[in-house]
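Below is structure_1.txt, which holds compact mmCIF, C-alpha atoms and all ligand atoms.
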# COMPACT_ATOMS: atom_id res chain seq x y z
CA MET Y 1 24.80 65.73 -9.07
CA ARG Y 2 22.28 63.05 -10.01
CA THR Y 3 22.35 60.05 -12.35
CA LYS Y 4 20.59 56.72 -12.74
CA VAL Y 5 23.64 54.48 -12.21
CA ALA Y 6 26.79 55.53 -10.31
CA ILE Y 7 29.69 53.39 -11.51
CA ILE Y 8 32.64 53.21 -9.12
CA GLY Y 9 35.83 52.26 -11.00
CA GLY Y 10 36.95 53.08 -14.52
CA GLY Y 11 38.71 49.82 -15.42
CA PRO Y 12 37.33 47.38 -18.03
CA ALA Y 13 34.24 46.50 -15.93
CA GLY Y 14 33.21 50.09 -15.21
CA LEU Y 15 33.92 51.36 -18.71
CA LEU Y 16 32.15 48.49 -20.49
CA LEU Y 17 29.13 48.93 -18.23
CA ALA Y 18 29.05 52.68 -18.89
CA HIS Y 19 29.02 52.11 -22.65
CA MET Y 20 26.35 49.39 -22.51
CA LEU Y 21 24.04 51.51 -20.32
CA THR Y 22 24.55 54.67 -22.37
CA LYS Y 23 23.82 52.76 -25.61
CA GLN Y 24 20.42 51.84 -24.11
CA GLY Y 25 19.69 55.37 -22.89
CA VAL Y 26 20.40 54.74 -19.21
CA ASP Y 27 22.55 57.60 -17.93
CA CYS Y 28 25.48 56.93 -15.65
CA VAL Y 29 28.60 58.55 -14.21
CA VAL Y 30 31.94 56.79 -13.75
CA LEU Y 31 34.07 57.68 -10.71
CA GLU Y 32 37.72 56.61 -11.17
CA ALA Y 33 40.25 57.08 -8.36
CA ARG Y 34 43.30 57.30 -10.60
CA SER Y 35 44.29 59.44 -13.57
CA ARG Y 36 43.40 58.32 -17.09
CA ASP Y 37 47.08 57.87 -17.97
CA TYR Y 38 47.62 55.68 -14.91
CA VAL Y 39 44.67 53.40 -15.70
CA GLU Y 40 45.58 53.10 -19.38
CA ALA Y 41 49.23 52.29 -18.55
CA ARG Y 42 48.49 49.35 -16.22
CA ILE Y 43 49.85 46.21 -17.92
CA ARG Y 44 47.38 43.39 -17.29
CA ALA Y 45 45.38 40.96 -19.38
CA GLY Y 46 46.19 39.98 -22.91
CA VAL Y 47 43.55 37.52 -24.17
CA LEU Y 48 39.91 38.31 -25.03
CA GLU Y 49 37.27 35.58 -25.27
CA GLN Y 50 34.94 35.73 -28.28
CA THR Y 51 32.10 36.87 -25.98
CA THR Y 52 34.18 39.88 -24.90
CA VAL Y 53 35.06 40.69 -28.52
CA ASP Y 54 31.33 40.44 -29.36
CA LEU Y 55 30.52 42.93 -26.56
CA LEU Y 56 33.08 45.41 -27.92
CA HIS Y 57 31.53 45.03 -31.39
CA GLU Y 58 28.03 45.48 -29.88
CA ILE Y 59 28.99 48.84 -28.31
CA GLY Y 60 30.94 49.86 -31.42
CA VAL Y 61 34.33 50.11 -29.73
CA ASP Y 62 36.11 47.82 -32.15
CA ARG Y 63 37.99 49.74 -34.85
CA ARG Y 64 41.50 49.19 -33.44
CA LEU Y 65 40.53 45.78 -32.10
CA ASP Y 66 39.60 44.64 -35.63
CA ALA Y 67 42.74 46.24 -37.09
CA GLU Y 68 45.30 45.19 -34.45
CA GLY Y 69 43.77 42.29 -32.50
CA ILE Y 70 45.39 38.95 -33.35
CA VAL Y 71 42.93 36.06 -33.67
CA HIS Y 72 44.32 32.81 -32.28
CA ASP Y 73 42.97 29.40 -33.30
CA GLY Y 74 44.87 27.53 -30.62
CA PHE Y 75 47.60 27.54 -28.00
CA ALA Y 76 50.34 25.11 -26.96
CA LEU Y 77 50.82 23.25 -23.74
CA SER Y 78 54.54 22.57 -23.28
CA ILE Y 79 55.23 19.56 -21.07
CA ASP Y 80 58.83 19.58 -19.91
CA GLY Y 81 59.60 21.20 -23.25
CA VAL Y 82 57.50 18.88 -25.43
CA PRO Y 83 54.65 20.80 -27.11
CA LEU Y 84 50.99 19.72 -27.32
CA ARG Y 85 48.72 22.00 -29.35
CA ILE Y 86 45.17 22.64 -28.14
CA ASP Y 87 43.23 23.29 -31.35
CA LEU Y 88 40.63 25.77 -30.06
CA LYS Y 89 38.99 26.37 -33.44
CA GLY Y 90 39.07 22.75 -34.56
CA LEU Y 91 37.63 21.50 -31.26
CA THR Y 92 35.08 24.25 -30.50
CA GLY Y 93 34.69 26.33 -33.65
CA LYS Y 94 35.71 29.36 -31.56
CA THR Y 95 38.84 31.48 -31.26
CA VAL Y 96 40.35 33.99 -28.82
CA THR Y 97 41.84 37.39 -29.66
CA VAL Y 98 45.14 38.73 -28.35
CA TYR Y 99 44.59 42.42 -27.62
CA GLY Y 100 46.01 43.98 -24.45
CA GLN Y 101 43.84 45.31 -21.65
CA THR Y 102 45.69 48.60 -21.97
CA GLU Y 103 44.37 48.89 -25.54
CA VAL Y 104 40.82 47.94 -24.49
CA THR Y 105 40.86 50.57 -21.74
CA ARG Y 106 42.27 53.21 -24.08
CA ASP Y 107 39.63 52.46 -26.73
CA LEU Y 108 36.81 52.58 -24.16
CA ASN Y 109 38.04 55.90 -22.73
CA GLU Y 110 38.40 57.48 -26.19
CA ALA Y 111 34.89 56.35 -27.19
CA ALA Y 112 33.48 57.59 -23.85
CA GLU Y 113 34.97 61.01 -24.54
CA GLU Y 114 33.47 61.07 -28.06
CA ARG Y 115 30.06 59.98 -26.71
CA GLY Y 116 30.02 62.36 -23.74
CA ILE Y 117 29.94 59.61 -21.11
CA PRO Y 118 30.95 61.39 -17.87
CA ILE Y 119 34.09 59.84 -16.34
CA LEU Y 120 35.50 61.71 -13.35
CA PHE Y 121 39.18 60.76 -13.05
CA GLU Y 122 41.07 61.23 -9.80
CA ALA Y 123 37.82 61.04 -7.84
CA THR Y 124 39.07 60.20 -4.36
CA ASP Y 125 37.62 59.38 -0.93
CA VAL Y 126 34.69 57.58 -2.53
CA ALA Y 127 32.07 56.53 0.04
CA LEU Y 128 28.74 54.80 -0.48
CA HIS Y 129 25.62 55.95 1.40
CA GLU Y 130 22.12 54.55 2.12
CA VAL Y 131 22.80 51.61 -0.19
CA THR Y 132 19.75 49.67 1.05
CA SER Y 133 17.38 52.66 0.67
CA ASP Y 134 15.72 53.75 -2.58
CA ARG Y 135 17.92 56.90 -2.52
CA PRO Y 136 21.52 55.70 -2.46
CA SER Y 137 24.35 58.16 -3.08
CA VAL Y 138 28.11 58.30 -3.43
CA THR Y 139 30.31 61.03 -1.98
CA PHE Y 140 33.81 61.76 -3.22
CA VAL Y 141 36.38 64.52 -3.69
CA HIS Y 142 37.11 65.73 -7.23
CA LYS Y 143 39.40 68.65 -8.10
CA GLY Y 144 39.52 69.54 -4.43
CA GLN Y 145 35.72 69.77 -4.16
CA ALA Y 146 33.61 67.47 -1.98
CA GLN Y 147 30.76 66.10 -4.13
CA ARG Y 148 27.66 63.96 -3.68
CA LEU Y 149 26.26 61.90 -6.58
CA GLU Y 150 22.65 60.86 -6.02
CA CYS Y 151 21.59 57.80 -7.97
CA ASP Y 152 19.15 54.91 -8.27
CA PHE Y 153 21.81 52.17 -8.33
CA ILE Y 154 25.54 51.80 -7.63
CA ALA Y 155 27.78 49.49 -9.68
CA GLY Y 156 30.88 48.51 -7.69
CA CYS Y 157 33.48 48.04 -10.44
CA ASP Y 158 36.42 49.21 -8.34
CA GLY Y 159 38.55 46.09 -8.31
CA PHE Y 160 39.77 43.83 -5.52
CA HIS Y 161 40.98 46.67 -3.30
CA GLY Y 162 38.08 49.03 -3.99
CA ALA Y 163 35.55 50.62 -1.61
CA SER Y 164 32.40 48.90 -2.87
CA ARG Y 165 32.77 45.36 -1.49
CA ARG Y 166 33.93 46.86 1.80
CA ALA Y 167 30.68 48.85 2.00
CA ILE Y 168 28.77 45.58 2.51
CA PRO Y 169 28.48 44.53 6.18
CA ALA Y 170 30.57 41.43 6.95
CA ASP Y 171 27.48 39.47 7.99
CA ARG Y 172 25.82 40.14 4.59
CA ILE Y 173 28.62 38.81 2.38
CA THR Y 174 30.68 35.60 2.24
CA ALA Y 175 34.24 35.57 0.87
CA PHE Y 176 35.67 32.35 -0.58
CA GLU Y 177 39.44 32.54 -0.98
CA LYS Y 178 42.43 30.42 -1.93
CA VAL Y 179 45.85 32.13 -1.91
CA TYR Y 180 48.50 30.35 -4.01
CA PRO Y 181 52.08 29.95 -2.70
CA PHE Y 182 53.49 31.59 -5.80
CA GLY Y 183 53.14 34.61 -8.10
CA TRP Y 184 53.83 35.46 -11.74
CA LEU Y 185 56.86 37.49 -12.66
CA GLY Y 186 55.91 39.19 -15.94
CA ILE Y 187 58.10 40.97 -18.49
CA LEU Y 188 56.98 43.14 -21.42
CA ALA Y 189 59.59 43.68 -24.14
CA ASP Y 190 59.68 45.04 -27.68
CA VAL Y 191 60.92 41.80 -29.18
CA PRO Y 192 59.11 39.50 -31.64
CA PRO Y 193 57.21 36.63 -29.96
CA CYS Y 194 58.92 33.21 -29.95
CA ASP Y 195 55.85 31.61 -31.53
CA HIS Y 196 52.68 32.70 -33.34
CA GLU Y 197 50.51 31.25 -30.54
CA LEU Y 198 50.68 31.27 -26.72
CA ILE Y 199 52.69 28.58 -24.95
CA TYR Y 200 51.73 27.48 -21.40
CA ALA Y 201 54.68 25.50 -19.99
CA SER Y 202 54.35 22.89 -17.25
CA HIS Y 203 57.95 22.20 -16.26
CA GLN Y 204 59.76 20.49 -13.39
CA ARG Y 205 61.27 23.92 -12.56
CA GLY Y 206 57.88 25.62 -12.60
CA PHE Y 207 55.33 27.31 -14.86
CA ALA Y 208 56.12 29.71 -17.70
CA LEU Y 209 53.95 31.46 -20.29
CA ALA Y 210 54.98 32.90 -23.64
CA SER Y 211 52.43 35.47 -24.79
CA MET Y 212 52.43 38.61 -26.90
CA ARG Y 213 50.81 42.00 -27.56
CA SER Y 214 51.67 42.27 -31.29
CA GLU Y 215 54.10 40.86 -33.87
CA THR Y 216 56.80 43.06 -32.33
CA ARG Y 217 55.92 43.09 -28.62
CA SER Y 218 56.12 40.05 -26.34
CA ARG Y 219 54.77 39.30 -22.87
CA TYR Y 220 56.36 36.48 -20.86
CA TYR Y 221 55.77 35.13 -17.34
CA VAL Y 222 57.54 32.73 -14.99
CA GLN Y 223 56.13 31.36 -11.76
CA VAL Y 224 58.12 32.61 -8.73
CA PRO Y 225 57.70 32.05 -4.97
CA ALA Y 226 55.03 34.29 -3.44
CA ASP Y 227 57.60 36.29 -1.47
CA GLU Y 228 60.05 36.72 -4.39
CA LYS Y 229 61.75 40.10 -4.78
CA LEU Y 230 61.78 41.77 -8.21
CA GLU Y 231 65.36 42.97 -7.65
CA ASP Y 232 66.48 39.30 -7.55
CA TRP Y 233 65.44 38.93 -11.19
CA PRO Y 234 67.68 40.92 -13.55
CA ASP Y 235 66.50 40.57 -17.16
CA ASP Y 236 69.14 37.99 -18.10
CA ARG Y 237 68.12 35.67 -15.26
CA LEU Y 238 64.53 35.88 -16.43
CA TRP Y 239 65.40 35.20 -20.09
CA ASP Y 240 67.56 32.23 -19.01
CA GLU Y 241 64.76 30.76 -16.85
CA LEU Y 242 62.18 31.21 -19.61
CA GLY Y 243 64.43 29.23 -21.96
CA LEU Y 244 64.82 26.41 -19.44
CA ARG Y 245 61.09 26.11 -18.77
CA LEU Y 246 59.89 26.52 -22.36
CA GLY Y 247 62.37 23.92 -23.62
CA ALA Y 248 65.42 24.07 -25.90
CA GLU Y 249 63.49 24.15 -29.20
CA THR Y 250 61.41 27.17 -28.13
CA ALA Y 251 64.34 28.77 -26.29
CA ALA Y 252 66.22 28.94 -29.58
CA ARG Y 253 63.42 31.15 -30.93
CA ILE Y 254 63.33 33.58 -27.99
CA THR Y 255 64.56 37.09 -28.83
CA ARG Y 256 65.87 38.87 -25.76
CA GLY Y 257 65.50 42.57 -25.09
CA PRO Y 258 65.27 45.12 -22.28
CA ALA Y 259 62.14 45.05 -20.10
CA LEU Y 260 59.62 47.83 -20.85
CA GLU Y 261 57.83 46.64 -17.71
CA LYS Y 262 58.60 43.94 -15.18
CA SER Y 263 56.39 43.10 -12.17
CA ILE Y 264 55.27 40.30 -9.87
CA ALA Y 265 51.54 39.63 -9.50
CA PRO Y 266 50.23 37.49 -6.62
CA LEU Y 267 47.85 34.63 -7.49
CA ARG Y 268 44.61 33.99 -5.70
CA SER Y 269 41.12 32.60 -6.27
CA PHE Y 270 38.50 34.77 -4.63
CA VAL Y 271 34.73 35.02 -4.92
CA ALA Y 272 32.34 37.19 -2.88
CA GLU Y 273 28.71 36.11 -2.53
CA PRO Y 274 26.19 37.55 -3.15
CA LEU Y 275 27.07 40.22 -5.72
CA ARG Y 276 24.26 42.48 -4.56
CA TRP Y 277 23.38 44.37 -1.40
CA GLY Y 278 20.34 46.61 -1.69
CA ARG Y 279 21.00 48.90 -4.65
CA LEU Y 280 24.73 48.05 -4.86
CA PHE Y 281 25.92 45.50 -7.42
CA LEU Y 282 29.50 44.15 -7.57
CA ALA Y 283 31.13 43.30 -10.90
CA GLY Y 284 34.60 42.30 -12.11
CA ASP Y 285 37.57 42.13 -9.75
CA ALA Y 286 35.48 43.83 -7.03
CA ALA Y 287 33.54 40.55 -6.95
CA HIS Y 288 36.10 37.89 -7.84
CA ILE Y 289 39.73 37.21 -8.64
CA VAL Y 290 41.12 34.25 -10.61
CA PRO Y 291 44.74 33.17 -11.19
CA PRO Y 292 45.56 34.52 -14.70
CA THR Y 293 46.40 30.98 -15.92
CA GLY Y 294 43.04 30.66 -17.66
CA ALA Y 295 43.03 34.26 -19.02
CA LYS Y 296 39.64 34.77 -17.34
CA GLY Y 297 39.91 37.93 -15.20
CA LEU Y 298 39.09 40.57 -17.78
CA ASN Y 299 36.62 38.25 -19.56
CA LEU Y 300 34.62 37.59 -16.38
CA ALA Y 301 34.44 41.34 -15.79
CA ALA Y 302 32.89 41.61 -19.26
CA SER Y 303 30.27 38.92 -18.66
CA ASP Y 304 29.35 40.34 -15.25
CA VAL Y 305 28.61 43.77 -16.68
CA ALA Y 306 26.78 42.31 -19.67
CA PHE Y 307 24.38 40.62 -17.23
CA LEU Y 308 24.17 43.75 -15.05
CA ALA Y 309 23.54 46.10 -17.98
CA GLU Y 310 20.74 43.84 -19.27
CA ALA Y 311 19.17 43.74 -15.80
CA LEU Y 312 19.31 47.51 -15.29
CA VAL Y 313 18.00 48.28 -18.79
CA ASP Y 314 15.11 45.81 -18.24
CA HIS Y 315 14.34 47.61 -14.99
CA TYR Y 316 14.22 51.05 -16.59
CA ARG Y 317 12.44 49.83 -19.74
CA GLY Y 318 9.91 47.46 -18.24
CA GLY Y 319 9.84 48.37 -14.58
CA THR Y 320 10.69 44.77 -13.72
CA THR Y 321 13.07 43.78 -10.94
CA THR Y 322 13.54 40.22 -12.24
CA GLY Y 323 16.88 40.92 -13.90
CA ILE Y 324 18.36 42.79 -10.96
CA ASP Y 325 17.02 40.21 -8.52
CA GLU Y 326 18.64 37.43 -10.56
CA TYR Y 327 21.90 39.23 -11.43
CA SER Y 328 24.00 37.79 -8.61
CA ALA Y 329 23.05 34.15 -9.20
CA ARG Y 330 23.34 34.51 -12.97
CA ALA Y 331 26.80 36.14 -12.87
CA LEU Y 332 28.10 33.77 -10.17
CA SER Y 333 27.09 30.71 -12.17
CA ARG Y 334 29.54 31.66 -14.93
CA VAL Y 335 32.11 33.02 -12.43
CA TRP Y 336 32.38 29.75 -10.47
CA LYS Y 337 32.90 27.70 -13.65
CA ALA Y 338 35.75 30.03 -14.63
CA VAL Y 339 37.15 29.91 -11.08
CA ARG Y 340 37.14 26.12 -11.29
CA PHE Y 341 38.87 26.04 -14.68
CA SER Y 342 41.51 28.63 -13.64
CA TRP Y 343 42.21 26.68 -10.42
CA TRP Y 344 42.44 23.35 -12.28
CA PHE Y 345 44.69 24.74 -15.06
CA THR Y 346 46.95 26.34 -12.43
CA GLY Y 347 47.22 23.04 -10.55
CA LEU Y 348 48.13 21.20 -13.75
CA THR Y 349 50.87 23.59 -14.86
CA HIS Y 350 52.46 25.03 -11.71
CA ARG Y 351 54.96 23.46 -9.29
CA PHE Y 352 53.68 23.72 -5.71
CA PRO Y 353 56.39 24.17 -3.05
CA THR Y 354 54.89 21.28 -1.05
CA ALA Y 355 54.88 19.00 -4.13
CA ASN Y 356 57.06 15.88 -4.09
CA ALA Y 357 58.03 13.32 -6.73
CA ILE Y 358 54.62 11.64 -6.80
CA ASP Y 359 52.85 15.00 -7.35
CA ARG Y 360 54.92 15.62 -10.49
CA LYS Y 361 54.25 12.06 -11.67
CA ILE Y 362 50.50 12.66 -11.26
CA GLN Y 363 50.73 15.97 -13.18
CA LEU Y 364 52.64 14.21 -15.97
CA ALA Y 365 50.09 11.40 -16.04
CA GLU Y 366 47.23 13.90 -16.43
CA LEU Y 367 49.15 15.73 -19.17
CA ALA Y 368 49.84 12.40 -20.92
CA TYR Y 369 46.13 11.57 -20.72
CA ILE Y 370 45.28 14.99 -22.23
CA ARG Y 371 47.80 14.43 -24.99
CA GLY Y 372 46.01 11.21 -25.92
CA SER Y 373 42.40 12.36 -25.48
CA THR Y 374 40.46 14.59 -27.87
CA ILE Y 375 37.69 14.70 -25.27
CA ALA Y 376 40.07 16.03 -22.61
CA GLN Y 377 41.48 18.57 -25.07
CA THR Y 378 37.95 19.65 -26.02
CA SER Y 379 37.13 20.26 -22.36
CA ILE Y 380 40.17 22.51 -22.03
CA ALA Y 381 39.33 24.27 -25.29
CA GLU Y 382 35.68 25.01 -24.45
CA ASN Y 383 36.64 26.46 -21.08
CA TYR Y 384 39.52 28.48 -22.51
CA VAL Y 385 37.49 30.12 -25.31
CA GLY Y 386 34.85 31.00 -22.69
CA LEU Y 387 31.63 29.21 -21.73
CA PRO Y 388 28.45 30.64 -23.26
CA PHE Y 389 26.65 33.31 -21.23
CA LYS Y 390 23.54 31.16 -21.14
CA ALA Y 391 25.34 27.92 -20.04
P1 LIG M 1 40.27 46.81 -12.33
O1 LIG M 1 41.05 46.55 -11.08
O2 LIG M 1 40.95 46.67 -13.65
O3 LIG M 1 39.67 48.28 -12.30
C1 LIG M 1 39.16 48.83 -11.11
C2 LIG M 1 39.31 50.34 -11.21
O4 LIG M 1 38.73 50.91 -10.05
C3 LIG M 1 40.77 50.76 -11.25
O5 LIG M 1 40.99 51.62 -12.33
C4 LIG M 1 40.98 51.47 -9.90
O6 LIG M 1 41.86 52.58 -10.02
C5 LIG M 1 39.58 51.94 -9.57
N1 LIG M 1 39.34 52.06 -8.14
C6 LIG M 1 39.78 51.26 -7.14
N2 LIG M 1 39.34 51.69 -5.95
C7 LIG M 1 38.56 52.80 -6.20
C8 LIG M 1 37.82 53.69 -5.39
N3 LIG M 1 37.77 53.53 -4.07
N4 LIG M 1 37.16 54.72 -5.99
C9 LIG M 1 37.20 54.87 -7.34
N5 LIG M 1 37.89 54.05 -8.18
C10 LIG M 1 38.56 53.03 -7.60
N6 LIG M 1 43.55 39.05 -16.16
C11 LIG M 1 43.76 38.27 -17.24
O7 LIG M 1 42.79 37.80 -17.84
N7 LIG M 1 45.06 38.01 -17.67
C12 LIG M 1 46.14 38.54 -17.03
O8 LIG M 1 47.28 38.30 -17.41
C13 LIG M 1 45.96 39.37 -15.91
N8 LIG M 1 47.03 39.93 -15.27
C14 LIG M 1 46.80 40.71 -14.15
C15 LIG M 1 47.87 41.32 -13.44
C16 LIG M 1 47.64 42.09 -12.30
C17 LIG M 1 48.80 42.73 -11.56
C18 LIG M 1 46.32 42.28 -11.84
C19 LIG M 1 46.05 43.10 -10.59
C20 LIG M 1 45.26 41.71 -12.54
C21 LIG M 1 45.50 40.93 -13.70
N9 LIG M 1 44.45 40.35 -14.42
C22 LIG M 1 44.63 39.58 -15.51
C23 LIG M 1 43.11 40.55 -14.05
C24 LIG M 1 42.69 41.89 -14.56
O9 LIG M 1 42.86 41.93 -15.95
C25 LIG M 1 41.29 42.10 -14.09
O10 LIG M 1 40.51 40.94 -14.24
C26 LIG M 1 40.62 43.25 -14.77
O11 LIG M 1 41.43 44.38 -14.62
C27 LIG M 1 39.26 43.39 -14.12
O12 LIG M 1 38.76 44.62 -14.46
P2 LIG M 1 37.94 45.49 -13.38
O13 LIG M 1 36.97 44.60 -12.69
O14 LIG M 1 37.49 46.68 -14.11
O15 LIG M 1 39.00 45.86 -12.25
C1 LIG M 2 48.99 37.94 -21.23
O1 LIG M 2 49.32 38.02 -22.44
O2 LIG M 2 49.21 38.86 -20.40
C2 LIG M 2 48.31 36.69 -20.73
C3 LIG M 2 47.87 35.76 -21.65
C4 LIG M 2 47.24 34.60 -21.19
C5 LIG M 2 47.09 34.40 -19.82
C6 LIG M 2 47.54 35.35 -18.91
C7 LIG M 2 48.16 36.49 -19.36
O3 LIG M 2 46.49 33.26 -19.37

Full structure transcribed into structure tokens:
Amino acid sequence: MRTKVAIIGGGPAGLLLAHMLTKQGVDCVVLEARSRDYVEARIRAGVLEQTTVDLLHEIGVDRRLDAEGIVHDGFALSIDGVPLRIDLKGLTGKTVTVYGQTEVTRDLNEAAEERGIPILFEATDVALHEVTSDRPSVTFVHKGQAQRLECDFIAGCDGFHGASRRAIPADRITAFEKVYPFGWLGILADVPPCDHELIYASHQRGFALASMRSETRSRYYVQVPADEKLEDWPDDRLWDELGLRLGAETAARITRGPALEKSIAPLRSFVAEPLRWGRLFLAGDAAHIVPPTGAKGLNLAASDVAFLAEALVDHYRGGTTTGIDEYSARALSRVWKAVRFSWWFTGLTHRFPTANAIDRKIQLAELAYIRGSTIAQTSIAENYVGLPFKA
């Protein structure tokens, strides 16, 4: 088999890249370790920045997004139960769209099928070869057959635990990492959301988030210790804790219901540098991880592959290497700003196990300052809606 760009990983990064390259006439093949059903069922992100929505419009994968996506003009910070609205649209002129990652992945897969973009699901034992030569290749097993895909470039879009980043020798890559002493226990339930906008709660007991997938499906999270066990959180305990952290007024609007899905996700900040080794480029979670507090993970994957697609198309169109030579620095510039915001917003809203009384007083002082400062609220808003690609 031969293609121009071998894309390892069929999550949002890999699928978006495949569509952007195909639209510009650059052929590619996507190798995805799991089944299509498995990938589409993974409950993950819920908020799309305007830049991500624009990308989906650009590749024409937007029919359901336009019909079912919910545009949000703002969100609330809840400080020990007292709300403070961050007016995204009023402060920045921009909005975000609530549309689950499961829906994005489903739409991208359906459009890939219609457009004949080759996605090999359940491609296992993926290995990268001669990455620093001008004839790289990827071997894998698909339907019991050992295969080799020869290519010009490899896009490592295979997530944090994928094979791509591990193919780079340890002395050619630097990992920057911060592991948080807590995780997010998330619940998905077919109950109406407690509010029409998201609520990020900073509470003495810990962080909570009220989000949604539609007018009839809600997504909630509470911060739990990093080593928490899911079995220690029956639904009722979770609904009770959400009410305590979101405050009595919001708690009165919470509709309870059985969990469709309940899981604990660890929180970390992670960035690998550089995002290129020879003809291999890393994008999305393969390159970086952010705590979901800033709703940046999926959106950074989108901006990475927008930069990478532009660089690869320039290379094939104009024979230049400028774009691919600059990809890593260009993508990392936006990544680090999102890593900073996600870290800062996590620090402001979560309760650290080592925190004492003065730490909470300092958090409350910063939140009081934000409540009184349009400038501070504008800074939060412009980071939350997503910094421009060309910042
Ligand atoms: P992904 O991990 O989504 O996709 C990588 C793909 O590569 C997967 O389909 C995997 O099966 C495949 N793969 C892995 N190894 C492979 C191999 N060796 N060969 C072939 N294929 C391979 N972000 C938010 O913004 N908000 C959230 O609330 C949020 N919640 C999250 C919860 C969890 C549990 C996790 C893990 C992440 C969450 N994220 C959230 C971040 C998430 O949305 C990612 O940013 C997003 O999935 C990034 O997309 P990709 O880079 O495509 O990586
Ligand atoms: C979600 O709805 O899953 C979600 C929303 C905002 C976040 C994180 C997760 O910051």

Can you pull out every residue with an atom within 7 Å of ligand LIG 1 (chain M)? Use all atoms listed in the file and format it as a ChimeraX atom specification.
/Y:8-14,31-34,39,43-47,101,123-126,157-163,265,283-286,289,292,295-299,301

If I wrap all listed atoms of ligand LIG 2 (chain M) in a box with edges along x, y and z and add 6 Å on each side, what are its centre and edge lengths in Å to one decimal, as JSON?
{"center_x": 47.9, "center_y": 36.1, "center_z": -20.7, "size_x": 14.8, "size_y": 17.6, "size_z": 15.5}

Pick from Y:Ala309, Y:Ala355, Y:Met212, Y:Leu91 nearest to ligand LIG 2 (chain M), counting all atoms listed in the file
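Of the candidates, the smallest distance to ligand LIG 2 (chain M) is held by Y:Met212.
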
Skip stretch 49-58 of chain Y itself and residues of its chain fewer than 5 positions away, then list as a VMD selection string all residues within 10 Å of it, counting only C-alpha atoms.
chain Y and resid 16 19 to 20 23 63 65 to 66 69 71 94 to 99 104 107 to 108 295 to 296 298 to 303 306 384 to 389

Generate the output file for the selected residues, C-alpha atoms, as a compact mmCIF listing (two decimals), in the frame of the given file.
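Result went into selection-v5.txt, see below:
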# COMPACT_ATOMS: atom_id res chain seq x y z
CA LEU Y 16 32.15 48.49 -20.49
CA HIS Y 19 29.02 52.11 -22.65
CA MET Y 20 26.35 49.39 -22.51
CA LYS Y 23 23.82 52.76 -25.61
CA ARG Y 63 37.99 49.74 -34.85
CA LEU Y 65 40.53 45.78 -32.10
CA ASP Y 66 39.60 44.64 -35.63
CA GLY Y 69 43.77 42.29 -32.50
CA VAL Y 71 42.93 36.06 -33.67
CA LYS Y 94 35.71 29.36 -31.56
CA THR Y 95 38.84 31.48 -31.26
CA VAL Y 96 40.35 33.99 -28.82
CA THR Y 97 41.84 37.39 -29.66
CA VAL Y 98 45.14 38.73 -28.35
CA TYR Y 99 44.59 42.42 -27.62
CA VAL Y 104 40.82 47.94 -24.49
CA ASP Y 107 39.63 52.46 -26.73
CA LEU Y 108 36.81 52.58 -24.16
CA ALA Y 295 43.03 34.26 -19.02
CA LYS Y 296 39.64 34.77 -17.34
CA LEU Y 298 39.09 40.57 -17.78
CA ASN Y 299 36.62 38.25 -19.56
CA LEU Y 300 34.62 37.59 -16.38
CA ALA Y 301 34.44 41.34 -15.79
CA ALA Y 302 32.89 41.61 -19.26
CA SER Y 303 30.27 38.92 -18.66
CA ALA Y 306 26.78 42.31 -19.67
CA TYR Y 384 39.52 28.48 -22.51
CA VAL Y 385 37.49 30.12 -25.31
CA GLY Y 386 34.85 31.00 -22.69
CA LEU Y 387 31.63 29.21 -21.73
CA PRO Y 388 28.45 30.64 -23.26
CA PHE Y 389 26.65 33.31 -21.23

Y:Phe341, Y:Tyr316, Y:Trp233, Y:Tyr200: which is nearest ligand LIG 2 (chain M), counting all atoms listed in the file?
Y:Tyr200

Under the rule that only C-alpha atoms and all ligand atoms are counted, which of Y:Ala18, Y:Ile59, Y:Leu198, Y:Ile7 is the nearest residue to ligand LIG 2 (chain M)?
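The closest residue to ligand LIG 2 (chain M) is Y:Leu198.
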
Just give me the gap between atom CA of Y:Ala167 and atom CA of Y:Ser328 in Å, one decimal is fine.
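Interatomic distance here is 16.7 Å.
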
Nearest to ligand LIG 2 (chain M) by atom-to-atom distance, counting only C-alpha atoms and all ligand atoms, from Y:Trp344, Y:Tyr220, Y:Phe270, Y:Trp239:
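Answer, going by the shortest atom-to-atom distance: Y:Tyr220.
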
Mind pulling up the distance from atom CA of Y:Arg330 to atom CA of Y:Arg166?
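Interatomic distance, atom CA of Y:Arg166 to atom CA of Y:Arg330: 22.0 Å.
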
So the first atom is atom CA of Y:Pro83 and the second is atom CA of Y:Glu249; what is the distance between them in Å, to one decimal place?
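Between these atoms lies a distance of 9.7 Å.
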
Hey, which of Y:Leu185, Y:Val224, Y:Val335, Y:Ala127 ends up closest to ligand LIG 2 (chain M)? Count all atoms listed in the file.
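Of Y:Leu185, Y:Val224, Y:Val335, Y:Ala127, the one nearest ligand LIG 2 (chain M) is Y:Leu185, counting all atoms listed in the file.
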